[in-house]
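I have placed the structure first, in the form of structure tokens, so that the comments after it can refer back to it.
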Amino acid sequence: MGRFEGKTVVVTGAGHGIGRASALRFASEGASVAIVDVRADEGQLVADEVTRAGFVGRAYQADVSDPDHVSEVVAQIVADFGGVDVLHSHAGRLRAGTVGETDLEEWNRTLAVNVTTMFLMVRAVVPLMQSRGGGAIVTTGSISGLFGEPALAVYTASKAAVVNLTRSLAIDYARTGIRVNCVCPGWVDTGFNNPQFEHDGMSEEEITELIDRTVPMGRQGLPEEMAAAAAFLASDDASYITGQTLVVDGGLLCHV
């Protein structure tokens with residue numbers, strides 16, 4: 001459709017799952033995509049996919065919870081592409097456990113990956129977007145940030161922080177032409193939720209039964225469906241939408 005022709009899109013956590021699908025989606029719509037992941041090999045595989053499909057993408061290795069890495073990777077992206085128009089801040093991790101089961105190191109690392117990465121990336125790209133007259137930021141939250149869940153203490157806390165950080169960013173930067181919105185996925189079939197299933201000792205049959213029982217559509221979402229939502233929020237089709245959480249969960253929250 002070409003909604004991102006001539007634009008540079010940065011996707012963090014782009015080496016697999018939803019991040020990979022988003023990188024491919026933005027590229028397919030004309031963007032030059034900076035594929036950022038802490039795992040250099042996975043990021044490069046996605047960049048190779050983008051290139052083979054006839055689109056423009058480059059891989060960048062960085063731990064975006066580290067301010068020095070963020071400064072370096074954003075500077076390199078600007079050198080390669082000239083600026084930044086869209087940020088999909090997607091890097092994240094899930095670790096299951098109650099507060100009593102979560103040590104301080106695990107707590108700090110999860111908050112760093114799920115929240116601090118967004119703070120650092122937004123802080124780095126906002127001036128670049130302002131210099132171009134505006135831009136769009138899409139964060140990845142979770143339905144887990146919208147209600148309480150058992151044995152997901154640090155994950156739910158971090159995703160709730162993402163939701164409210166998104167709202168604050170939207171207010172702060174609306175007058176500079178920057179829109180900020182959040183995609184909140186439900187169950188998505190990527191393996192990301194495996195730590196939760198393993199913590200609960202669930203078999204494949206029990207997982208299938210859980211999805212069938214809790215999701216009105218009776219299935220997990222696809223990474224490509226989350227990517228489509230992110231692309232919509234980043235596009236001019238959402239030009240009057242900012243500060244919102246778009247729940248993409250097959251109807252799960254309708255009866256929670």
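Please note that chains go A, B, ... in the order of the structure tokens, that every chain numbers its residues from 1, and that ligands are numbered from 1 in the order shown.
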
TODO: Might you pull out every residue within 8 Å of Ala59 in chain A, with only C-alpha atoms counted and same-chain residues fewer than 4 positions away left off, and present them as a VMD selection string?
DONE: chain A and resid 34 to 37 40 43 to 44 46 to 47

- [ ] Find the spatial neighbours of range 17-19 of chain A, counting only C-alpha atoms, within a cut-off of 8 Å - ignore same-chain residues fewer than 2 positions away - and output them as a PyMOL selection string.
- [x] chain A and resi 11-15+21-23+90-91+190+192+223-224+226-227

What does the file look like for those residues with all heavy atoms, as an mmCIF file, in the first residue's frame?
data_model
loop_
_atom_site.group_PDB
_atom_site.id
_atom_site.type_symbol
_atom_site.label_atom_id
_atom_site.label_comp_id
_atom_site.auth_asym_id
_atom_site.auth_seq_id
_atom_site.Cartn_x
_atom_site.Cartn_y
_atom_site.Cartn_z
ATOM 1 N N VAL A 11 12.498 -0.629 14.476
ATOM 2 C CA VAL A 11 11.792 -1.635 15.270
ATOM 3 C C VAL A 11 12.791 -2.275 16.222
ATOM 4 O O VAL A 11 13.793 -2.846 15.783
ATOM 5 C CB VAL A 11 11.152 -2.730 14.386
ATOM 6 C CG1 VAL A 11 10.360 -3.713 15.257
ATOM 7 C CG2 VAL A 11 10.233 -2.115 13.329
ATOM 8 N N THR A 12 12.532 -2.165 17.518
ATOM 9 C CA THR A 12 13.392 -2.832 18.494
ATOM 10 C C THR A 12 12.789 -4.185 18.858
ATOM 11 O O THR A 12 11.586 -4.397 18.764
ATOM 12 C CB THR A 12 13.569 -1.986 19.759
ATOM 13 O OG1 THR A 12 12.321 -1.870 20.449
ATOM 14 C CG2 THR A 12 14.102 -0.603 19.419
ATOM 15 N N GLY A 13 13.648 -5.106 19.278
ATOM 16 C CA GLY A 13 13.176 -6.470 19.532
ATOM 17 C C GLY A 13 12.665 -7.111 18.264
ATOM 18 O O GLY A 13 11.702 -7.870 18.270
ATOM 19 N N ALA A 14 13.340 -6.807 17.144
ATOM 20 C CA ALA A 14 12.844 -7.181 15.822
ATOM 21 C C ALA A 14 13.360 -8.516 15.327
ATOM 22 O O ALA A 14 13.087 -8.896 14.190
ATOM 23 C CB ALA A 14 13.213 -6.088 14.813
ATOM 24 N N GLY A 15 14.070 -9.262 16.174
ATOM 25 C CA GLY A 15 14.689 -10.491 15.719
ATOM 26 C C GLY A 15 13.776 -11.692 15.654
ATOM 27 O O GLY A 15 14.135 -12.715 15.086
ATOM 28 N N ALA A 21 7.668 -9.686 12.583
ATOM 29 C CA ALA A 21 6.500 -9.461 11.723
ATOM 30 C C ALA A 21 6.299 -7.979 11.445
ATOM 31 O O ALA A 21 5.932 -7.583 10.328
ATOM 32 C CB ALA A 21 5.255 -10.060 12.362
ATOM 33 N N SER A 22 6.558 -7.139 12.436
ATOM 34 C CA SER A 22 6.413 -5.693 12.242
ATOM 35 C C SER A 22 7.450 -5.158 11.270
ATOM 36 O O SER A 22 7.150 -4.328 10.413
ATOM 37 C CB SER A 22 6.516 -4.960 13.585
ATOM 38 O OG SER A 22 5.397 -5.242 14.389
ATOM 39 N N ALA A 23 8.690 -5.620 11.406
ATOM 40 C CA ALA A 23 9.731 -5.184 10.477
ATOM 41 C C ALA A 23 9.356 -5.540 9.044
ATOM 42 O O ALA A 23 9.475 -4.711 8.125
ATOM 43 C CB ALA A 23 11.072 -5.821 10.848
ATOM 44 N N HIS A 90 9.454 -2.296 20.739
ATOM 45 C CA HIS A 90 8.844 -3.600 20.995
ATOM 46 C C HIS A 90 9.675 -4.506 21.906
ATOM 47 O O HIS A 90 9.137 -5.485 22.432
ATOM 48 C CB HIS A 90 8.597 -4.329 19.665
ATOM 49 C CG HIS A 90 8.114 -5.730 19.841
ATOM 50 N ND1 HIS A 90 6.850 -6.021 20.328
ATOM 51 C CD2 HIS A 90 8.735 -6.930 19.647
ATOM 52 C CE1 HIS A 90 6.705 -7.333 20.407
ATOM 53 N NE2 HIS A 90 7.833 -7.909 20.012
ATOM 54 N N ALA A 91 10.928 -4.220 22.126
ATOM 55 C CA ALA A 91 11.777 -5.115 22.932
ATOM 56 C C ALA A 91 11.107 -5.437 24.259
ATOM 57 O O ALA A 91 10.587 -4.551 24.950
ATOM 58 C CB ALA A 91 13.133 -4.455 23.181
ATOM 59 N N THR A 190 3.869 -17.193 19.592
ATOM 60 C CA THR A 190 5.273 -16.934 19.244
ATOM 61 C C THR A 190 6.261 -17.673 20.134
ATOM 62 O O THR A 190 7.463 -17.635 19.880
ATOM 63 C CB THR A 190 5.601 -15.436 19.363
ATOM 64 O OG1 THR A 190 5.429 -15.040 20.731
ATOM 65 C CG2 THR A 190 4.704 -14.597 18.473
ATOM 66 N N PHE A 192 6.617 -16.625 23.171
ATOM 67 C CA PHE A 192 6.931 -15.615 24.182
ATOM 68 C C PHE A 192 6.321 -15.976 25.531
ATOM 69 O O PHE A 192 6.896 -15.675 26.586
ATOM 70 C CB PHE A 192 6.398 -14.254 23.710
ATOM 71 C CG PHE A 192 6.703 -13.108 24.634
ATOM 72 C CD1 PHE A 192 7.958 -12.518 24.651
ATOM 73 C CD2 PHE A 192 5.733 -12.602 25.487
ATOM 74 C CE1 PHE A 192 8.249 -11.455 25.497
ATOM 75 C CE2 PHE A 192 6.007 -11.541 26.339
ATOM 76 C CZ PHE A 192 7.271 -10.965 26.337
ATOM 77 N N PRO A 223 1.538 -13.208 14.919
ATOM 78 C CA PRO A 223 2.411 -12.035 14.941
ATOM 79 C C PRO A 223 2.039 -11.022 13.864
ATOM 80 O O PRO A 223 2.103 -9.808 14.093
ATOM 81 C CB PRO A 223 3.801 -12.627 14.697
ATOM 82 C CG PRO A 223 3.705 -14.031 15.150
ATOM 83 C CD PRO A 223 2.302 -14.474 14.856
ATOM 84 N N GLU A 224 1.624 -11.517 12.714
ATOM 85 C CA GLU A 224 1.264 -10.620 11.613
ATOM 86 C C GLU A 224 0.041 -9.767 11.943
ATOM 87 O O GLU A 224 -0.076 -8.639 11.447
ATOM 88 C CB GLU A 224 1.004 -11.447 10.347
ATOM 89 C CG GLU A 224 2.243 -12.106 9.767
ATOM 90 C CD GLU A 224 2.695 -13.333 10.526
ATOM 91 O OE1 GLU A 224 1.911 -13.858 11.372
ATOM 92 O OE2 GLU A 224 3.842 -13.786 10.291
ATOM 93 N N MET A 226 -0.646 -8.609 14.967
ATOM 94 C CA MET A 226 -0.147 -7.544 15.839
ATOM 95 C C MET A 226 0.608 -6.498 15.008
ATOM 96 O O MET A 226 0.501 -5.287 15.251
ATOM 97 C CB MET A 226 0.777 -8.115 16.917
ATOM 98 C CG MET A 226 0.182 -9.270 17.700
ATOM 99 S SD MET A 226 -1.408 -8.922 18.473
ATOM 100 C CE MET A 226 -2.362 -10.328 17.870
ATOM 101 N N ALA A 227 1.365 -6.980 14.021
ATOM 102 C CA ALA A 227 2.102 -6.066 13.149
ATOM 103 C C ALA A 227 1.166 -5.171 12.364
ATOM 104 O O ALA A 227 1.457 -3.983 12.150
ATOM 105 C CB ALA A 227 2.993 -6.871 12.194
#

Task: Residue list (alpha helix (DSSP H), DSSP) for range 8-182 of chain A, as JSON, numbers by chain - done: {"A": [17, 18, 19, 20, 21, 22, 23, 24, 25, 26, 27, 28, 40, 41, 42, 43, 44, 45, 46, 47, 48, 49, 50, 51, 52, 67, 68, 69, 70, 71, 72, 73, 74, 75, 76, 77, 78, 79, 80, 81, 104, 105, 106, 107, 108, 109, 110, 111, 117, 118, 119, 120, 121, 122, 123, 124, 125, 126, 127, 128, 129, 130, 131, 153, 154, 155, 156, 157, 158, 159, 160, 161, 162, 163, 164, 165, 166, 167, 168, 169, 170, 171, 172, 173]}

Task: Among the residues A:Glu225, A:Asp63, A:Glu29, A:Asp85, the one that comes closest to Asn114 in chain A [using only C-alpha atoms] - done: A:Asp63

TODO: Would you list the contacts of Gly133 in chain A as a ChimeraX atom specification, taking every protein, DNA or RNA residue within 9 Å and counting only C-alpha atoms, but skipping same-chain residues closer than 6 positions in sequence?
DONE: /A:176-178

TODO: With a distance cut-off of 8 Å and only C-alpha atoms, select the neighbouring residues of Ile241 in chain A, excluding the residue or stretch itself and same-chain residues fewer than 6 positions from it, and output the selection as number ranges by chain.
DONE: A: 179, 181, 233

What does the file look like for those residues with N, CA and C atoms, as an mmCIF file, in the first residue's frame?
data_model
loop_
_atom_site.group_PDB
_atom_site.id
_atom_site.type_symbol
_atom_site.label_atom_id
_atom_site.label_comp_id
_atom_site.auth_asym_id
_atom_site.auth_seq_id
_atom_site.Cartn_x
_atom_site.Cartn_y
_atom_site.Cartn_z
ATOM 1 N N ARG A 179 2.741 11.449 17.365
ATOM 2 C CA ARG A 179 1.684 10.640 17.958
ATOM 3 C C ARG A 179 2.297 9.419 18.641
ATOM 4 N N ASN A 181 1.100 5.750 20.522
ATOM 5 C CA ASN A 181 0.038 4.806 20.841
ATOM 6 C C ASN A 181 0.642 3.464 21.242
ATOM 7 N N LEU A 233 -1.474 2.101 13.517
ATOM 8 C CA LEU A 233 -1.275 3.200 14.460
ATOM 9 C C LEU A 233 -0.141 4.128 14.030
#

Open item on the list: DSSP on the backbone: which residues in range 2-218 of chain A end up as strand (DSSP E or B)? Give the answer as number ranges by chain.
Closed with: A: 8-12, 32-37, 56-61, 86-89, 97, 135-140, 152, 178-185, 188

Task: Nearest to Arg95 in chain A, chosen from A:Gly30, A:Gly243, A:Gly250, A:Pro195, with only C-alpha atoms counted in the distances - done: A:Pro195

TODO: Between CA of Gln61 in chain A and CA of Val38 in chain A, measure the distance and give it in Å to one decimal.
DONE: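 Atom-to-atom, CA of Gln61 in chain A to CA of Val38 in chain A, that is 5.3 Å.
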